>>> print(open('my_file37.cif').read())   # mmCIF, C-alpha atoms
data_start
loop_
_atom_site.label_atom_id
_atom_site.label_comp_id
_atom_site.auth_asym_id
_atom_site.auth_seq_id
_atom_site.Cartn_x
_atom_site.Cartn_y
_atom_site.Cartn_z
CA MET S 8 8.84 18.53 20.56
CA PRO S 9 11.00 15.39 20.38
CA ALA S 10 12.57 13.85 17.31
CA VAL S 11 10.93 10.84 15.64
CA LEU S 12 12.66 8.23 13.48
CA ILE S 13 10.46 6.41 10.94
CA ILE S 14 11.96 3.30 9.29
CA VAL S 15 10.32 1.87 6.15
CA GLU S 16 11.88 -0.91 4.07
CA ASN S 17 9.66 -1.75 1.10
CA LEU S 18 9.23 1.71 -0.49
CA PRO S 19 11.06 5.06 -0.43
CA VAL S 20 9.51 8.32 0.63
CA PRO S 21 7.77 10.34 -0.56
CA LEU S 22 6.60 7.54 -2.90
CA ASP S 23 5.11 5.60 0.03
CA ARG S 24 2.09 7.84 0.45
CA ARG S 25 0.98 6.47 3.83
CA VAL S 26 4.40 6.98 5.40
CA TRP S 27 4.79 10.40 3.84
CA GLN S 28 1.37 11.55 5.06
CA GLU S 29 2.22 10.31 8.55
CA ALA S 30 5.58 12.09 8.44
CA CYS S 31 3.97 15.35 7.31
CA ALA S 32 1.26 15.11 9.98
CA LEU S 33 3.89 14.60 12.69
CA ARG S 34 5.94 17.51 11.32
CA ASP S 35 2.84 19.73 11.40
CA ALA S 36 2.26 18.68 15.02
CA GLY S 37 5.73 19.97 15.90
CA TYR S 38 7.84 16.81 15.86
CA GLU S 39 11.25 16.73 14.21
CA VAL S 40 10.79 13.90 11.71
CA VAL S 41 13.54 11.70 10.27
CA VAL S 42 12.88 8.88 7.79
CA ILE S 43 15.14 5.96 6.83
CA CYS S 44 14.10 4.24 3.60
CA PRO S 45 15.67 2.39 0.62
CA GLN S 46 17.23 3.90 -2.48
CA MET S 47 14.88 2.74 -5.23
CA ARG S 48 12.30 3.70 -7.86
CA GLY S 49 13.97 6.98 -8.78
CA HIS S 50 14.56 8.16 -5.20
CA THR S 51 18.30 7.68 -4.90
CA ALA S 52 19.67 10.66 -2.96
CA ALA S 53 21.52 9.33 0.09
CA GLU S 54 20.49 12.29 2.23
CA GLU S 55 18.11 15.19 1.73
CA VAL S 56 15.69 17.45 3.54
CA THR S 57 12.31 17.48 1.81
CA GLU S 58 9.47 19.71 3.04
CA GLY S 59 11.18 19.97 6.40
CA ILE S 60 11.61 16.20 6.82
CA TYR S 61 15.06 14.61 7.03
CA VAL S 62 15.40 11.62 4.70
CA TYR S 63 18.26 9.11 4.82
CA ARG S 64 18.33 6.37 2.19
CA HIS S 65 20.30 3.12 2.06
CA TRP S 66 21.23 0.70 -0.71
CA ILE S 67 19.34 -2.60 -1.04
CA SER S 68 20.29 -5.54 -3.22
CA GLU S 69 17.01 -5.71 -5.20
CA GLU S 70 13.22 -5.70 -5.12
CA ALA S 71 12.83 -9.41 -4.57
CA GLY S 72 10.33 -11.75 -6.17
CA GLY S 73 11.56 -15.10 -4.84
CA PHE S 74 12.68 -16.57 -1.55
CA ILE S 75 16.45 -16.20 -2.07
CA GLY S 76 15.92 -12.69 -3.37
CA PHE S 77 13.96 -11.76 -0.25
CA PHE S 78 16.81 -12.99 1.92
CA ARG S 79 19.30 -10.79 0.04
CA GLU S 80 16.94 -7.81 0.08
CA TYR S 81 16.17 -8.00 3.79
CA ALA S 82 19.77 -8.65 4.80
CA SER S 83 21.05 -5.65 2.84
CA ALA S 84 18.19 -3.50 4.13
CA LEU S 85 18.80 -4.39 7.79
CA PHE S 86 22.48 -3.55 7.41
CA GLY S 87 21.69 -0.18 5.86
CA GLU S 88 18.95 0.63 8.37
CA THR S 89 21.13 -0.23 11.35
CA ARG S 90 24.03 1.88 10.06
CA LEU S 91 21.77 4.85 9.39
CA ALA S 92 19.86 4.47 12.67
CA TRP S 93 23.07 5.05 14.65
CA LYS S 94 23.90 8.00 12.41
CA VAL S 95 20.44 9.44 13.08
CA TRP S 96 20.89 8.83 16.81
CA ARG S 97 24.11 10.84 16.85
CA LYS S 98 22.55 13.75 14.94
CA HIS S 99 18.91 13.84 16.06
CA ARG S 100 18.50 11.80 19.28
CA PRO S 101 15.03 10.39 18.44
CA THR S 102 12.69 9.70 21.35
CA ILE S 103 10.42 7.42 19.29
CA ILE S 104 11.28 4.88 16.59
CA HIS S 105 8.35 4.17 14.26
CA LEU S 106 8.69 0.82 12.43
CA CYS S 107 6.73 0.28 9.20
CA ASN S 108 6.40 -3.33 8.07
CA PRO S 109 6.87 -5.45 5.99
CA PRO S 110 9.08 -7.17 6.94
CA ASP S 111 8.66 -7.82 10.66
CA LEU S 112 12.42 -7.70 11.15
CA LEU S 113 12.85 -4.02 11.91
CA PHE S 114 12.65 -4.65 15.66
CA VAL S 115 16.29 -5.79 15.28
CA VAL S 116 17.19 -2.18 14.46
CA ALA S 117 15.06 -0.61 17.20
CA LEU S 118 15.74 -2.99 20.10
CA PRO S 119 19.23 -1.71 21.05
CA PHE S 120 17.91 1.85 21.35
CA LYS S 121 14.97 0.67 23.46
CA LEU S 122 17.20 -1.30 25.82
CA LEU S 123 20.06 1.20 26.06
CA PHE S 124 18.27 4.56 25.95
CA GLY S 125 14.61 3.83 26.70
CA THR S 126 13.52 4.84 23.19
CA ARG S 127 9.81 4.22 22.66
CA VAL S 128 8.80 1.97 19.73
CA ILE S 129 5.70 2.25 17.55
CA TYR S 130 4.87 -0.68 15.25
CA ASP S 131 2.97 0.46 12.13
CA VAL S 132 1.37 -2.68 10.65
CA HIS S 133 0.96 -2.04 6.93
CA ASP S 134 0.64 -5.76 6.14
CA VAL S 135 0.02 -8.86 8.24
CA TRP S 136 3.34 -10.46 7.35
CA PRO S 137 2.70 -14.19 8.06
CA GLU S 138 -0.38 -14.17 5.83
CA MET S 139 1.59 -12.18 3.25
CA PHE S 140 4.35 -14.82 3.32
CA GLU S 141 1.80 -17.62 2.93
CA ALA S 142 0.15 -15.89 -0.03
CA LYS S 143 3.48 -15.23 -1.78
CA PHE S 144 4.90 -18.73 -1.34
CA GLY S 145 1.72 -20.78 -1.54
CA GLY S 146 1.72 -22.45 1.85
CA ARG S 147 3.33 -22.91 5.22
CA GLY S 148 6.65 -24.43 6.14
CA LEU S 149 9.56 -23.93 8.48
CA PHE S 150 10.14 -20.34 7.37
CA TYR S 151 6.47 -19.47 7.88
CA TRP S 152 6.94 -20.16 11.59
CA PHE S 153 10.09 -18.03 11.57
CA VAL S 154 7.95 -15.23 10.17
CA ARG S 155 5.37 -15.78 12.90
CA LEU S 156 8.15 -15.56 15.51
CA ALA S 157 9.45 -12.32 13.97
CA GLU S 158 5.94 -10.87 14.11
CA ARG S 159 5.57 -11.84 17.76
CA LEU S 160 8.95 -10.33 18.66
CA THR S 161 8.01 -7.09 16.90
CA TYR S 162 4.80 -6.86 18.90
CA ALA S 163 6.78 -7.54 22.09
CA CYS S 164 9.22 -4.75 21.22
CA ALA S 165 6.46 -2.25 20.47
CA ASP S 166 4.94 0.07 23.05
CA VAL S 167 2.13 1.16 20.72
CA VAL S 168 0.70 -0.35 17.52
CA LEU S 169 -0.84 1.40 14.51
CA ALA S 170 -3.33 -0.76 12.57
CA THR S 171 -4.71 0.06 9.14
CA ASN S 172 -8.15 -1.40 9.92
CA ARG S 173 -10.20 -3.41 12.41
CA SER S 174 -8.98 -6.77 11.11
CA VAL S 175 -5.36 -5.79 11.76
CA LYS S 176 -6.27 -4.43 15.20
CA ARG S 177 -7.89 -7.77 16.04
CA THR S 178 -4.69 -9.57 15.02
CA ALA S 179 -2.59 -7.20 17.18
CA VAL S 180 -4.74 -7.96 20.23
CA GLU S 181 -5.38 -11.68 19.73
CA ARG S 182 -2.08 -12.83 18.19
CA GLY S 183 0.21 -9.99 19.19
CA GLY S 184 -0.91 -9.90 22.81
CA LYS S 185 -1.36 -6.10 22.86
CA GLU S 186 -3.87 -4.25 24.99
CA SER S 187 -6.72 -2.80 22.93
CA GLY S 188 -5.95 0.68 24.29
CA ASP S 189 -2.43 0.50 22.88
CA VAL S 190 -3.62 -0.23 19.32
CA PHE S 191 -4.81 2.71 17.21
CA ILE S 192 -6.52 2.45 13.83
CA VAL S 193 -4.79 4.82 11.40
CA ARG S 194 -6.38 4.20 8.03
CA THR S 195 -4.51 4.70 4.79
CA SER S 196 -6.64 7.52 3.43
CA PRO S 197 -5.62 9.49 0.33
CA LYS S 198 -5.04 13.19 0.72
CA ILE S 199 -5.39 14.40 -2.87
CA ALA S 200 -6.70 17.69 -4.26
CA THR S 201 -8.93 15.94 -6.81
CA ALA S 202 -10.79 19.11 -7.83
CA ASN S 203 -7.63 20.61 -9.31
CA THR S 204 -6.95 17.63 -11.60
CA GLN S 205 -7.85 17.62 -15.29
CA GLU S 206 -8.74 14.63 -17.45
CA THR S 207 -6.45 13.37 -20.23
CA PRO S 208 -8.72 11.99 -22.97
CA ALA S 209 -5.73 10.77 -25.01
CA LEU S 210 -5.28 7.94 -22.48
CA ARG S 211 -8.38 6.31 -23.96
CA LYS S 212 -6.51 5.71 -27.25
CA GLY S 213 -9.68 6.59 -29.13
CA ARG S 214 -11.82 4.00 -27.33
CA LYS S 215 -15.08 4.64 -25.49
CA PHE S 216 -14.05 3.24 -22.10
CA LEU S 217 -10.90 3.39 -19.98
CA VAL S 218 -10.37 0.85 -17.18
CA GLY S 219 -7.65 1.68 -14.65
CA TYR S 220 -5.42 -0.09 -12.16
CA VAL S 221 -2.84 1.47 -9.87
CA GLY S 222 -0.59 -0.35 -7.45
CA VAL S 223 2.29 -2.69 -6.85
CA MET S 224 2.87 -5.48 -9.37
CA GLY S 225 4.15 -8.44 -7.38
CA ASN S 226 3.21 -12.09 -7.47
CA ALA S 227 0.58 -11.63 -4.75
CA ASP S 228 -1.20 -8.60 -6.26
CA GLY S 229 -3.32 -10.41 -8.83
CA VAL S 230 -2.57 -8.21 -11.85
CA LYS S 231 -2.35 -11.39 -13.94
CA PHE S 232 -6.09 -11.84 -13.30
CA LEU S 233 -6.77 -8.39 -14.75
CA ILE S 234 -4.71 -9.06 -17.88
CA ASP S 235 -6.53 -12.38 -18.38
CA ALA S 236 -9.81 -10.52 -17.81
CA ALA S 237 -8.78 -8.02 -20.50
CA ALA S 238 -8.13 -10.94 -22.89
CA HIS S 239 -11.60 -12.30 -22.10
CA ILE S 240 -13.18 -8.90 -22.77
CA VAL S 241 -11.27 -8.16 -25.98
CA HIS S 242 -11.09 -11.61 -27.58
CA GLU S 243 -14.02 -13.65 -26.22
CA LEU S 244 -16.57 -10.88 -25.72
CA ALA S 245 -15.27 -9.03 -28.81
CA ARG S 246 -15.30 -5.69 -27.01
CA LYS S 247 -12.91 -3.46 -28.92
CA ASP S 248 -14.16 -0.32 -27.18
CA VAL S 249 -12.28 -0.84 -23.89
CA GLN S 250 -8.76 0.41 -23.15
CA PHE S 251 -6.82 -0.67 -20.05
CA LEU S 252 -4.25 1.44 -18.19
CA LEU S 253 -2.28 -0.49 -15.56
CA MET S 254 -0.04 1.89 -13.59
CA GLY S 255 2.68 0.81 -11.21
CA THR S 256 5.73 -1.37 -11.08
CA GLY S 257 7.24 -4.21 -9.11
CA PRO S 258 9.08 -7.50 -9.52
CA GLU S 259 6.35 -8.94 -11.80
CA HIS S 260 6.11 -6.00 -14.20
CA ALA S 261 8.24 -7.60 -16.93
CA ASN S 262 6.34 -10.89 -16.66
CA LEU S 263 3.02 -9.10 -16.87
CA ALA S 264 4.16 -7.23 -19.99
CA ALA S 265 5.14 -10.59 -21.52
CA GLN S 266 1.74 -12.04 -20.58
CA ARG S 267 0.02 -9.09 -22.26
CA ASP S 268 2.07 -9.55 -25.42
CA GLN S 269 1.45 -13.32 -25.55
CA LEU S 270 -2.29 -12.66 -25.36
CA GLY S 271 -2.13 -10.14 -28.21
CA LEU S 272 -3.21 -7.20 -26.08
CA GLN S 273 -0.48 -4.69 -26.93
CA GLU S 274 -3.01 -2.27 -28.45
CA PHE S 275 -5.47 -2.57 -25.56
CA VAL S 276 -3.35 -2.72 -22.39
CA ASP S 277 -0.86 0.00 -21.45
CA LEU S 278 1.75 -0.78 -18.77
CA PRO S 279 3.66 2.51 -18.29
CA GLY S 280 5.41 1.40 -15.08
CA ARG S 281 6.12 3.99 -12.43
CA VAL S 282 4.33 7.27 -13.19
CA THR S 283 4.42 10.75 -11.69
CA ASN S 284 1.70 11.91 -9.33
CA GLU S 285 0.51 14.31 -12.01
CA PHE S 286 0.08 11.47 -14.50
CA LEU S 287 -1.54 9.23 -11.89
CA PHE S 288 -4.07 11.80 -10.71
CA SER S 289 -4.98 12.78 -14.27
CA ALA S 290 -5.44 9.10 -15.17
CA LEU S 291 -7.66 8.49 -12.13
CA LYS S 292 -9.73 11.48 -13.18
CA THR S 293 -10.07 10.03 -16.70
CA ILE S 294 -10.87 6.36 -16.07
CA ASP S 295 -14.45 5.09 -16.17
CA LEU S 296 -13.85 2.55 -13.44
CA GLY S 297 -11.02 1.13 -11.35
CA VAL S 298 -10.10 -2.47 -10.64
CA SER S 299 -8.66 -3.95 -7.45
CA CYS S 300 -7.61 -7.44 -8.51
CA ASP S 301 -5.93 -8.63 -5.30
CA PRO S 302 -7.12 -12.26 -5.06
CA ILE S 303 -9.14 -13.71 -2.22
CA ASN S 304 -6.83 -15.16 0.45
CA SER S 305 -6.18 -14.80 4.18
CA TYR S 306 -3.60 -12.07 3.60
CA ASN S 307 -5.58 -9.80 1.30
CA ASP S 308 -8.67 -10.27 3.47
CA HIS S 309 -6.85 -8.25 6.18
CA CYS S 310 -5.67 -5.47 3.86
CA THR S 311 -7.01 -2.02 3.16
CA MET S 312 -5.78 -1.42 -0.39
CA ASN S 313 -4.63 2.10 -1.26
CA LYS S 314 -6.03 1.77 -4.75
CA VAL S 315 -9.55 1.16 -3.41
CA LEU S 316 -9.54 4.47 -1.54
CA GLU S 317 -7.87 6.33 -4.42
CA TYR S 318 -10.60 5.26 -6.86
CA MET S 319 -13.18 6.39 -4.32
CA ALA S 320 -11.45 9.75 -3.79
CA PHE S 321 -11.81 10.44 -7.51
CA GLY S 322 -15.46 9.38 -7.53
CA LYS S 323 -14.89 6.22 -9.56
CA ALA S 324 -16.87 3.01 -9.27
CA GLN S 325 -14.75 -0.12 -9.05
CA VAL S 326 -14.68 -3.88 -9.40
CA MET S 327 -12.82 -6.05 -6.88
CA PHE S 328 -12.62 -9.56 -5.55
CA ASN S 329 -14.77 -9.99 -2.45
CA LEU S 330 -12.41 -9.25 0.46
CA THR S 331 -13.49 -8.38 4.00
CA GLU S 332 -11.55 -5.13 4.34
CA GLY S 333 -12.12 -4.20 0.70
CA ARG S 334 -15.87 -4.38 1.30
CA GLU S 335 -15.42 -2.54 4.63
CA SER S 336 -13.76 0.34 2.76
CA ALA S 337 -15.82 0.55 -0.43
CA GLY S 338 -19.25 -0.55 0.79
CA ASP S 339 -21.80 0.03 -1.97
CA ALA S 340 -19.26 1.86 -4.14
CA ALA S 341 -17.95 -1.38 -5.71
CA VAL S 342 -19.03 -4.54 -7.48
CA TYR S 343 -17.68 -7.70 -5.82
CA VAL S 344 -16.52 -10.90 -7.54
CA ASN S 345 -16.85 -13.95 -5.29
CA GLU S 346 -14.20 -16.19 -6.88
CA ASN S 347 -10.61 -15.71 -8.06
CA SER S 348 -11.76 -15.92 -11.67
CA ALA S 349 -10.48 -13.76 -14.51
CA THR S 350 -13.59 -14.56 -16.54
CA GLN S 351 -15.93 -13.44 -13.75
CA LEU S 352 -13.77 -10.35 -13.20
CA GLY S 353 -14.02 -9.48 -16.90
CA ASP S 354 -17.78 -10.03 -16.97
CA ALA S 355 -18.23 -7.76 -13.94
CA ILE S 356 -16.12 -5.04 -15.58
CA VAL S 357 -18.23 -5.14 -18.75
CA ARG S 358 -21.53 -5.09 -16.86
CA LEU S 359 -20.43 -2.03 -14.92
CA LEU S 360 -19.11 -0.26 -18.02
CA ASP S 361 -22.52 -0.79 -19.64
CA ASP S 362 -24.31 0.71 -16.63
CA PRO S 363 -23.46 4.43 -16.65
CA ASP S 364 -26.12 5.30 -14.07
CA GLY S 365 -24.79 2.64 -11.72
CA ARG S 366 -21.23 3.88 -12.16
CA GLU S 367 -22.24 7.45 -11.41
CA ARG S 368 -24.20 6.43 -8.30
CA MET S 369 -21.37 4.24 -6.98
CA GLY S 370 -18.78 6.91 -7.71
CA LYS S 371 -20.71 9.50 -5.72
CA LEU S 372 -21.16 7.07 -2.83
CA GLY S 373 -17.43 6.32 -2.76
CA GLU S 374 -16.40 9.97 -2.93
CA SER S 375 -18.78 10.86 -0.11
CA ARG S 376 -17.56 7.92 1.99
CA VAL S 377 -13.90 8.97 1.67
CA ARG S 378 -14.69 12.60 2.40
CA GLU S 379 -16.95 12.03 5.41
CA GLN S 380 -15.95 8.70 6.99
CA LEU S 381 -12.52 7.57 5.78
CA ASN S 382 -10.75 10.91 5.47
CA TRP S 383 -7.11 11.39 6.46
CA GLU S 384 -7.94 14.04 9.05
CA ARG S 385 -9.63 11.40 11.21
CA SER S 386 -6.56 9.20 10.93
CA VAL S 387 -4.30 12.08 12.01
CA VAL S 388 -6.24 12.34 15.28
CA GLN S 389 -5.55 8.65 15.93
CA LEU S 390 -1.90 8.98 14.89
CA LEU S 391 -1.25 11.83 17.32
CA ALA S 392 -3.12 10.01 20.09
CA ALA S 393 -0.87 6.99 19.51
CA TYR S 394 2.22 9.17 19.82
CA GLN S 395 0.94 10.77 22.99
CA THR S 396 0.33 7.31 24.46
CA ALA S 397 3.85 6.21 23.49
CA MET S 398 5.36 9.34 25.02
CA ARG S 399 3.51 8.78 28.29
CA GLY S 400 4.86 5.23 28.44
#
>>> encode(input="my_file37.cif", output="structure tokens")
Amino acid sequence: MPAVLIIVENLPVPLDRRVWQEACALRDAGYEVVVICPQMRGHTAAEEVTEGIYVYRHWISEEAGGFIGFFREYASALFGETRLAWKVWRKHRPTIIHLCNPPDLLFVVALPFKLLFGTRVIYDVHDVWPEMFEAKFGGRGLFYWFVRLAERLTYACADVVLATNRSVKRTAVERGGKESGDVFIVRTSPKIATANTQETPALRKGRKFLVGYVGVMGNADGVKFLIDAAAHIVHELARKDVQFLLMGTGPEHANLAAQRDQLGLQEFVDLPGRVTNEFLFSALKTIDLGVSCDPINSYNDHCTMNKVLEYMAFGKAQVMFNLTEGRESAGDAAVYVNENSATQLGDAIVRLLDDPDGRERMGKLGESRVREQLNWERSVVQLLAAYQTAMRG
């Protein structure tokens, strides 16, 4: 089988679970798999072979939070990716280059190989980047249209597209100009042995309920709404029986910790930062419900959030803002808040905590939905079909 080069910029492997599951599925199908990713979040080895997958990592300037920071981050990443791509070409001769956005700039790395050697290109749309840009920076301007151009050029470079859901597939066809038969839905489905995980009651800090969050903490992820909701629950509703565990890191982590402290929530809200898989899975087993606090906007409306599926995999009910793809994933396994309101989010959390029968019913629905309809095995079939289509040209 041929060699495959996967390039991902915003997270390292194996921390990026979607990319790692794709890499492992391709390895199991007989491909030689090589991944280029950044050195960050504890994954700093420049080169290693992990579980039969070759991993090359490059330096980046930072995990950016602002516009100038993004420019530095993407410039340093493109330099590192280009340098390593030629190194990988010399050693592995990849037949397919698999680009994982954001950003939609990785076509710059792949295009020379496509033009010179006929290398096939697969565009894996994790996020719809123009809407992501608009959500992060609060509107459109000159650089928004640059982002739209970069997206269009990436679609033009790609032979095959992987979409995380139907909304993203629609964008690939309508805005990206791709044929429907060249766009494959590969959902981000967790592959976790939940039955082997044990609860950790100490995470409750002696309180009756534990509310969990897991995910990136950037300025577009809405974690500030959850902390304000916790303040509403603890201070205004006088509920001292609820503990919050917010797992993950990102450019806003320090600001969120400061927000927690200013609201006097140090005893009620834990922000441990990056955690091990063992800690994460045990915490998901322990929580009473999960929260997906990504606010309602045109970007999040297109996204299938990993956290939503992870809560479902562990049989946990959840509360989220009312997003199209969030509702598509969770169905009746979640409570939906119709406005970007911390108060309404907090009220919904409390109502669900006080409804144990509802939580149990929703948890079972979510677990069954992930196991029977949204499981990773179905996505692997689509992934391999996409590769076969790319190989056929």
>>> resolve_selection(input="my_file37.cif", expression="the PyMOL selection byres ((chain S and resi 399) around 12)", output="PyMOL selection string")
chain S and resi 102-103+126-127+166-167+189+392-398+400
>>> residues_around(input="my_file37.cif", residues="region 315-319 of chain S", least_positions_apart="5", cutoff="9 Å", atoms="all atoms listed in the file", output="list in words")
Thr195, Ser196, Pro197, Ile199, Val221, Leu291, Lys292, Leu296, Gly297, Val298, Ser299, Ala324, Gln325, Met327, Gly333, Ser336, Ala337, Ala340, Met369, Gly370, Lys371, Leu372, Gly373, Glu374, Ser375, Arg376, Val377 and Leu381 of chain S
>>> closest_residue(input="my_file37.cif", among="S:Glu69, S:Glu55, S:Asp111, S:Asp228", to="Phe153 (chain S)", atoms="all atoms listed in the file")
S:Asp111
>>> residues_around(input="my_file37.cif", residues="Val388 (chain S)", least_positions_apart="6", cutoff="12 Å", atoms="all atoms listed in the file", output="ChimeraX atom specification")
/S:29,32-33,36,191-194,382,394-395
>>> resolve_selection(input="my_file37.cif", expression="the PyMOL selection byres ((chain S and resi 92) around 9)", output="PyMOL selection string")
chain S and resi 12+14+43+87-91+93-97+116-117
>>> write_last_selection(input="my_file37.cif", atoms="C-alpha atoms", output="compact mmCIF listing (two decimals), keeping the file's coordinate frame")
# COMPACT_ATOMS: atom_id res chain seq x y z
CA LEU S 12 12.66 8.23 13.48
CA ILE S 14 11.96 3.30 9.29
CA ILE S 43 15.14 5.96 6.83
CA GLY S 87 21.69 -0.18 5.86
CA GLU S 88 18.95 0.63 8.37
CA THR S 89 21.13 -0.23 11.35
CA ARG S 90 24.03 1.88 10.06
CA LEU S 91 21.77 4.85 9.39
CA TRP S 93 23.07 5.05 14.65
CA LYS S 94 23.90 8.00 12.41
CA VAL S 95 20.44 9.44 13.08
CA TRP S 96 20.89 8.83 16.81
CA ARG S 97 24.11 10.84 16.85
CA VAL S 116 17.19 -2.18 14.46
CA ALA S 117 15.06 -0.61 17.20
>>> closest_residue(input="my_file37.cif", among="S:Met47, S:Ile294, S:Gln389, S:Ile60", to="Asp35 (chain S)", atoms="only C-alpha atoms")
S:Ile60
>>> resolve_selection(input="my_file37.cif", expression="the PyMOL selection byres ((chain S and resi 16-18) around 7)", output="PDB file with C-alpha atoms, keeping the file's coordinate frame")
ATOM      1  CA  ILE S  14      11.960   3.300   9.290  1.00  0.00           C
ATOM      2  CA  VAL S  15      10.320   1.870   6.150  1.00  0.00           C
ATOM      3  CA  PRO S  19      11.060   5.060  -0.430  1.00  0.00           C
ATOM      4  CA  VAL S  20       9.510   8.320   0.630  1.00  0.00           C
ATOM      5  CA  LEU S  22       6.600   7.540  -2.900  1.00  0.00           C
ATOM      6  CA  ASP S  23       5.110   5.600   0.030  1.00  0.00           C
ATOM      7  CA  CYS S  44      14.100   4.240   3.600  1.00  0.00           C
ATOM      8  CA  PRO S  45      15.670   2.390   0.620  1.00  0.00           C
ATOM      9  CA  ALA S  84      18.190  -3.500   4.130  1.00  0.00           C
ATOM     10  CA  PRO S 109       6.870  -5.450   5.990  1.00  0.00           C
TER      11      PRO S 109
END
>>> closest_residue(input="my_file37.cif", among="S:Leu253, S:Asp301, S:Tyr343, S:Lys198", to="Arg378 (chain S)", atoms="only C-alpha atoms")
S:Lys198
>>> atom_distance(input="my_file37.cif", atom1="CA of Phe286 (chain S)", atom2="CA of Ala264 (chain S)")
19.9 Å
>>> residues_around(input="my_file37.cif", residues="Cys300 (chain S)", least_positions_apart="6", cutoff="10 Å", atoms="all atoms listed in the file", output="ChimeraX atom specification")
/S:220,227-234,326-329,344,347-349,352
>>> residues_near_point(input="my_file37.cif", point="(0.5, -3.7, 15.9)", cutoff="9 Å", atoms="only C-alpha atoms", output="PDB file with C-alpha atoms, keeping the file's coordinate frame")
ATOM      1  CA  ILE S 129       5.700   2.250  17.550  1.00  0.00           C
ATOM      2  CA  TYR S 130       4.870  -0.680  15.250  1.00  0.00           C
ATOM      3  CA  ASP S 131       2.970   0.460  12.130  1.00  0.00           C
ATOM      4  CA  VAL S 132       1.370  -2.680  10.650  1.00  0.00           C
ATOM      5  CA  THR S 161       8.010  -7.090  16.900  1.00  0.00           C
ATOM      6  CA  TYR S 162       4.800  -6.860  18.900  1.00  0.00           C
ATOM      7  CA  ALA S 165       6.460  -2.250  20.470  1.00  0.00           C
ATOM      8  CA  VAL S 167       2.130   1.160  20.720  1.00  0.00           C
ATOM      9  CA  VAL S 168       0.700  -0.350  17.520  1.00  0.00           C
ATOM     10  CA  LEU S 169      -0.840   1.400  14.510  1.00  0.00           C
ATOM     11  CA  ALA S 170      -3.330  -0.760  12.570  1.00  0.00           C
ATOM     12  CA  VAL S 175      -5.360  -5.790  11.760  1.00  0.00           C
ATOM     13  CA  LYS S 176      -6.270  -4.430  15.200  1.00  0.00           C
ATOM     14  CA  THR S 178      -4.690  -9.570  15.020  1.00  0.00           C
ATOM     15  CA  ALA S 179      -2.590  -7.200  17.180  1.00  0.00           C
ATOM     16  CA  VAL S 180      -4.740  -7.960  20.230  1.00  0.00           C
ATOM     17  CA  GLY S 183       0.210  -9.990  19.190  1.00  0.00           C
ATOM     18  CA  LYS S 185      -1.360  -6.100  22.860  1.00  0.00           C
ATOM     19  CA  ASP S 189      -2.430   0.500  22.880  1.00  0.00           C
ATOM     20  CA  VAL S 190      -3.620  -0.230  19.320  1.00  0.00           C
ATOM     21  CA  PHE S 191      -4.810   2.710  17.210  1.00  0.00           C
TER      22      PHE S 191
END
>>> decode(input="my_file37.cif", residues="region 347-359 of chain S", atoms="C-alpha atoms", output="mmCIF file, in the first residue's frame")
data_model
loop_
_atom_site.group_PDB
_atom_site.id
_atom_site.type_symbol
_atom_site.label_atom_id
_atom_site.label_comp_id
_atom_site.auth_asym_id
_atom_site.auth_seq_id
_atom_site.Cartn_x
_atom_site.Cartn_y
_atom_site.Cartn_z
ATOM 1 C CA ASN S 347 -26.317 32.940 24.334
ATOM 2 C CA SER S 348 -27.224 33.557 27.967
ATOM 3 C CA ALA S 349 -25.193 32.431 30.966
ATOM 4 C CA THR S 350 -28.258 32.775 33.184
ATOM 5 C CA GLN S 351 -30.375 30.539 30.946
ATOM 6 C CA LEU S 352 -27.474 28.084 30.679
ATOM 7 C CA GLY S 353 -27.210 27.941 34.484
ATOM 8 C CA ASP S 354 -30.959 27.488 34.913
ATOM 9 C CA ALA S 355 -30.956 24.618 32.395
ATOM 10 C CA ILE S 356 -28.062 22.938 34.227
ATOM 11 C CA VAL S 357 -29.885 23.112 37.564
ATOM 12 C CA ARG S 358 -33.162 21.817 36.118
ATOM 13 C CA LEU S 359 -31.378 18.828 34.631
#
